[in-house]
Each structure stands twice: as C-alpha cells, then as structure tokens.
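A.B. asks: If it helps, the file is called start_17.cif and holds mmCIF, C-alpha atoms:
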```
data_coords
loop_
_atom_site.group_PDB
_atom_site.id
_atom_site.type_symbol
_atom_site.label_atom_id
_atom_site.label_comp_id
_atom_site.auth_asym_id
_atom_site.auth_seq_id
_atom_site.Cartn_x
_atom_site.Cartn_y
_atom_site.Cartn_z
ATOM 1 C CA SER A 699 -1.239 -3.643 -6.600
ATOM 2 C CA PHE A 700 -1.030 -6.634 -8.926
ATOM 3 C CA SER A 701 -3.300 -9.023 -10.790
ATOM 4 C CA ALA A 702 -5.217 -11.471 -8.600
ATOM 5 C CA LYS A 703 -5.658 -14.028 -11.382
ATOM 6 C CA ALA A 704 -2.964 -16.448 -10.131
ATOM 7 C CA TYR A 705 -4.344 -16.288 -6.572
ATOM 8 C CA ARG A 706 -8.077 -16.789 -7.184
ATOM 9 C CA GLY A 707 -9.570 -19.385 -4.826
ATOM 10 C CA LYS A 708 -6.349 -19.619 -2.816
ATOM 11 C CA ARG A 709 -5.459 -18.549 0.718
ATOM 12 C CA VAL A 710 -2.782 -15.877 0.856
ATOM 13 C CA ARG A 711 -0.774 -14.304 3.642
ATOM 14 C CA LEU A 712 0.823 -10.860 3.849
ATOM 15 C CA ARG A 713 3.485 -10.518 6.528
ATOM 16 C CA ALA A 714 5.769 -7.701 7.635
ATOM 17 C CA TRP A 715 7.565 -6.330 10.664
ATOM 18 C CA LEU A 716 6.532 -2.803 11.695
ATOM 19 C CA ARG A 717 7.649 -0.403 14.387
ATOM 20 C CA LEU A 718 6.474 3.080 15.222
ATOM 21 C CA GLU A 719 8.522 6.110 16.183
ATOM 22 C CA ALA A 720 5.612 8.019 17.718
ATOM 23 C CA ALA A 721 5.442 11.798 17.971
ATOM 24 C CA ASP A 722 2.105 11.688 19.805
ATOM 25 C CA PRO A 723 0.290 9.029 21.906
ATOM 26 C CA ALA A 724 -2.440 8.781 19.227
ATOM 27 C CA ASP A 725 0.028 7.845 16.443
ATOM 28 C CA ARG A 726 -0.208 4.373 14.972
ATOM 29 C CA ALA A 727 0.860 2.197 12.051
ATOM 30 C CA GLN A 728 -1.415 -0.154 10.134
ATOM 31 C CA MET A 729 -0.648 -2.624 7.363
ATOM 32 C CA TRP A 730 -3.506 -3.274 4.928
ATOM 33 C CA LEU A 731 -4.557 -5.810 2.290
ATOM 34 C CA GLY A 732 -7.478 -5.480 -0.103
ATOM 35 C CA VAL A 733 -9.017 -7.645 -2.815
ATOM 36 C CA ASP A 734 -10.776 -5.890 -5.691
ATOM 37 C CA ARG A 735 -13.712 -7.558 -7.431
ATOM 38 C CA PRO A 736 -15.575 -6.636 -10.643
ATOM 39 C CA LYS A 737 -18.447 -4.156 -10.823
ATOM 40 C CA ASP A 738 -17.746 -2.568 -7.415
ATOM 41 C CA GLN A 739 -18.635 -5.761 -5.533
ATOM 42 C CA LYS A 740 -17.306 -5.769 -1.998
ATOM 43 C CA GLY A 741 -14.118 -7.764 -1.622
ATOM 44 C CA PHE A 742 -11.900 -8.584 1.329
ATOM 45 C CA PHE A 743 -10.301 -5.667 3.149
ATOM 46 C CA ASP A 744 -8.313 -5.580 6.393
ATOM 47 C CA ASN A 745 -6.426 -2.489 7.535
ATOM 48 C CA MET A 746 -5.542 -3.703 11.034
ATOM 49 C CA SER A 747 -7.761 -1.005 12.563
ATOM 50 C CA ASP A 748 -8.500 -3.418 15.421
ATOM 51 C CA ARG A 749 -4.805 -4.122 16.045
ATOM 52 C CA PRO A 750 -2.667 -1.086 15.139
ATOM 53 C CA VAL A 751 1.042 -1.008 15.897
ATOM 54 C CA ARG A 752 1.923 1.593 18.525
ATOM 55 C CA SER A 753 5.206 0.148 19.766
ATOM 56 C CA PRO A 754 8.752 1.332 19.099
ATOM 57 C CA GLU A 755 9.713 -2.358 19.173
ATOM 58 C CA TRP A 756 9.555 -4.431 15.987
ATOM 59 C CA THR A 757 6.095 -6.020 15.776
ATOM 60 C CA HIS A 758 5.216 -8.966 13.540
ATOM 61 C CA CYS A 759 2.065 -8.280 11.494
ATOM 62 C CA GLU A 760 0.056 -10.733 9.413
ATOM 63 C CA ILE A 761 -3.095 -10.670 7.307
ATOM 64 C CA VAL A 762 -4.577 -13.882 5.865
ATOM 65 C CA THR A 763 -7.526 -14.301 3.481
ATOM 66 C CA ARG A 764 -8.981 -16.502 0.793
ATOM 67 C CA VAL A 765 -9.017 -14.659 -2.530
ATOM 68 C CA GLU A 766 -12.445 -14.563 -4.163
ATOM 69 C CA HIS A 767 -12.869 -16.572 -7.410
ATOM 70 C CA ASP A 768 -13.651 -13.409 -9.377
ATOM 71 C CA ALA A 769 -10.946 -11.197 -7.831
ATOM 72 C CA THR A 770 -9.273 -8.747 -10.203
ATOM 73 C CA PHE A 771 -6.514 -7.098 -8.160
ATOM 74 C CA LEU A 772 -4.698 -7.492 -4.862
ATOM 75 C CA LYS A 773 -3.526 -4.304 -3.163
ATOM 76 C CA PHE A 774 -1.473 -3.777 -0.036
ATOM 77 C CA GLY A 775 0.412 -1.133 1.880
ATOM 78 C CA VAL A 776 1.264 0.424 5.210
ATOM 79 C CA MET A 777 -0.365 3.514 6.702
ATOM 80 C CA SER A 778 1.169 5.977 9.117
ATOM 81 C CA ILE A 779 -1.622 7.669 11.051
ATOM 82 C CA GLY A 780 -0.579 10.776 12.947
ATOM 83 C CA LYS A 781 2.793 12.508 12.980
ATOM 84 C CA GLY A 782 4.994 9.511 13.800
ATOM 85 C CA LYS A 783 7.360 7.567 11.552
ATOM 86 C CA VAL A 784 6.704 3.964 10.566
ATOM 87 C CA TRP A 785 9.503 1.542 9.829
ATOM 88 C CA VAL A 786 8.829 -1.577 7.729
ATOM 89 C CA ASP A 787 11.021 -4.645 7.230
ATOM 90 C CA ASP A 788 10.934 -8.188 5.839
ATOM 91 C CA VAL A 789 7.690 -7.943 3.821
ATOM 92 C CA SER A 790 6.416 -11.183 2.271
ATOM 93 C CA PHE A 791 3.362 -12.293 0.326
ATOM 94 C CA GLU A 792 2.683 -15.985 -0.196
ATOM 95 C CA THR A 793 0.088 -18.630 -0.956
ATOM 96 C CA ILE A 794 -0.680 -20.904 2.004
ATOM 97 C CA ARG A 795 -2.699 -24.072 2.442
#
```
Step by step, read the file and then write its structure as structure tokens.

C.D. replies:
Amino acid sequence: SFSAKAYRGKRVRLRAWLRLEAADPADRAQMWLGVDRPKDQKGFFDNMSDRPVRSPEWTHCEIVTRVEHDATFLKFGVMSIGKGKVWVDDVSFETIR
C-alpha cells in the first residue's frame, strides 16, 4: 500500500501478467486493487472475482479506476485461491488520461 495523495482525482491503471499452475480445477488467481477513504467510507475495490485467471498460459490482467478526491491509500496484490501456484510478472502502476 502507499499514499493516494498524488493520485487523487486521477485515473490509474494496475497491470500484470499472471499464470496459474493449478492443483485442482477450482484453483484460481486474482489480482486486486483497492482505494481507502477516510472514516470507513466505501472506496473502489476490484478483485477480479468476475474474471479470475485459471490458465497455465500467461494472462494479461488490468484494473482501471478513478481515485476518489479524498482517497488516503492505494492497496494492491495478487491472491492465490485454492492449492495452486500463481506466477506474476511485469507489474506496473501508472496514471492514465
């Protein structure tokens, strides 16, 4: 996680390449991005639950959002759900127009 101050009001994009070495058909990988706001207000959150990676092939993943004007922190990561192994490469975070 890191301070959101420099990104307030801007569109940002998190990108990475993921692949899954599954041990079970239910295994999956999911990248996530969250925006924290003050006083427990709901901020942006996407954990790719609607588009998990299940492939052993490298898969390009991307999450884009506009950061709220009162955002405090940006957080991101990758989840391995199940018993499989997740591989991650070429992670980037950038401001976009």

A.B. asks: Quick one: apply the PyMOL selection byres ((chain A and resi 713) around 7) to the file and drop the selected residues here as a list in words.

C.D. replies: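 So the PyMOL selection byres ((chain A and resi 713) around 7), applied here, picks out Arg711, Leu712, Ala714, Cys759, Glu760, Ile761, Val789, Ser790 and Phe791 of chain A.
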
A.B. asks: Smallest atom-to-atom distance to Ser778 in chain A: which of A:Phe700, A:Pro736, A:Arg752, A:Phe742, using only C-alpha atoms?

C.D. replies: A:Arg752

A.B. asks: What would the selection look like, as a list in words, if the PyMOL selection byres ((chain A and resi 782) around 9) were run on the coordinates I just shared?

C.D. replies: Leu718, Glu719, Ala720, Ala721, Asp722, Asp725, Arg726, Ala727, Ser778, Ile779, Gly780, Lys781, Lys783 and Val784 of chain A

A.B. asks: Kindly give the distance, in Å, that separates CA of Thr763 in chain A and CA of Val751 in chain A, rounded to a single decimal.

C.D. replies: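 CA of Val751 in chain A lies 20.1 Å from CA of Thr763 in chain A.
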
A.B. asks: What do you get, as a count of residues only, if you spell out every residue that the PyMOL selection byres ((chain A and resi 702) around 7) selects here?

C.D. replies: 10

A.B. asks: Just to confirm, what's the straight-line distance from CA of Gly775 in chain A to CA of Pro723 in chain A in Å (one decimal)?

C.D. replies: 22.5 Å

A.B. asks: Within 10 Å of Phe743 in chain A, counting all atoms listed in the file, which residues show up once you throw out same-chain ones fewer than 6 positions away? Write them as a PyMOL selection string, please.

C.D. replies: chain A and resi 730-734+761+763+772-774

A.B. asks: Can you tell me, as an MDAnalysis selection string, what residues are no more than 9 Å from Gly707 in chain A when counting all atoms listed in the file, ignoring any on the same chain fewer than 6 positions away?

C.D. replies: chainID A and resid 764:769

A.B. asks: Please identify all polymer residues within 8 Å of Ile794 in chain A, counting all atoms listed in the file, omitting same-chain residues fewer than 4 positions from it, and present them as a list in words.

C.D. replies: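 That gives Lys708, Arg709, Val710 and Arg711 of chain A.
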
A.B. asks: If the box runs along x, y and z of the file and leaves 6 Å on each side of range 712-731 of chain A, what are its centre and edge lengths in Å, one decimal, as JSON?

C.D. replies:
```
{"center_x": 2.0, "center_y": 0.5, "center_z": 12.1, "size_x": 25.1, "size_y": 34.7, "size_z": 31.6}
```

A.B. asks: Distance CA of Arg735 in chain A-CA of Asp748 in chain A, one decimal place?

C.D. replies: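 Separation of CA of Arg735 in chain A and CA of Asp748 in chain A: 23.8 Å.
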
A.B. asks: Please list as a PyMOL selection string every residue within 7 Å of Met746 in chain A, counting only C-alpha atoms and excluding residues in the same chain fewer than 4 positions away.

C.D. replies: chain A and resi 728-730+750

A.B. asks: Would you please work out which residue, of A:Met777, A:Val762, A:Leu716, A:Val786, is nearest to Ser747 in chain A when using only C-alpha atoms?

C.D. replies: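 Once distances to Ser747 in chain A are computed over only C-alpha atoms, the minimum belongs to A:Met777.
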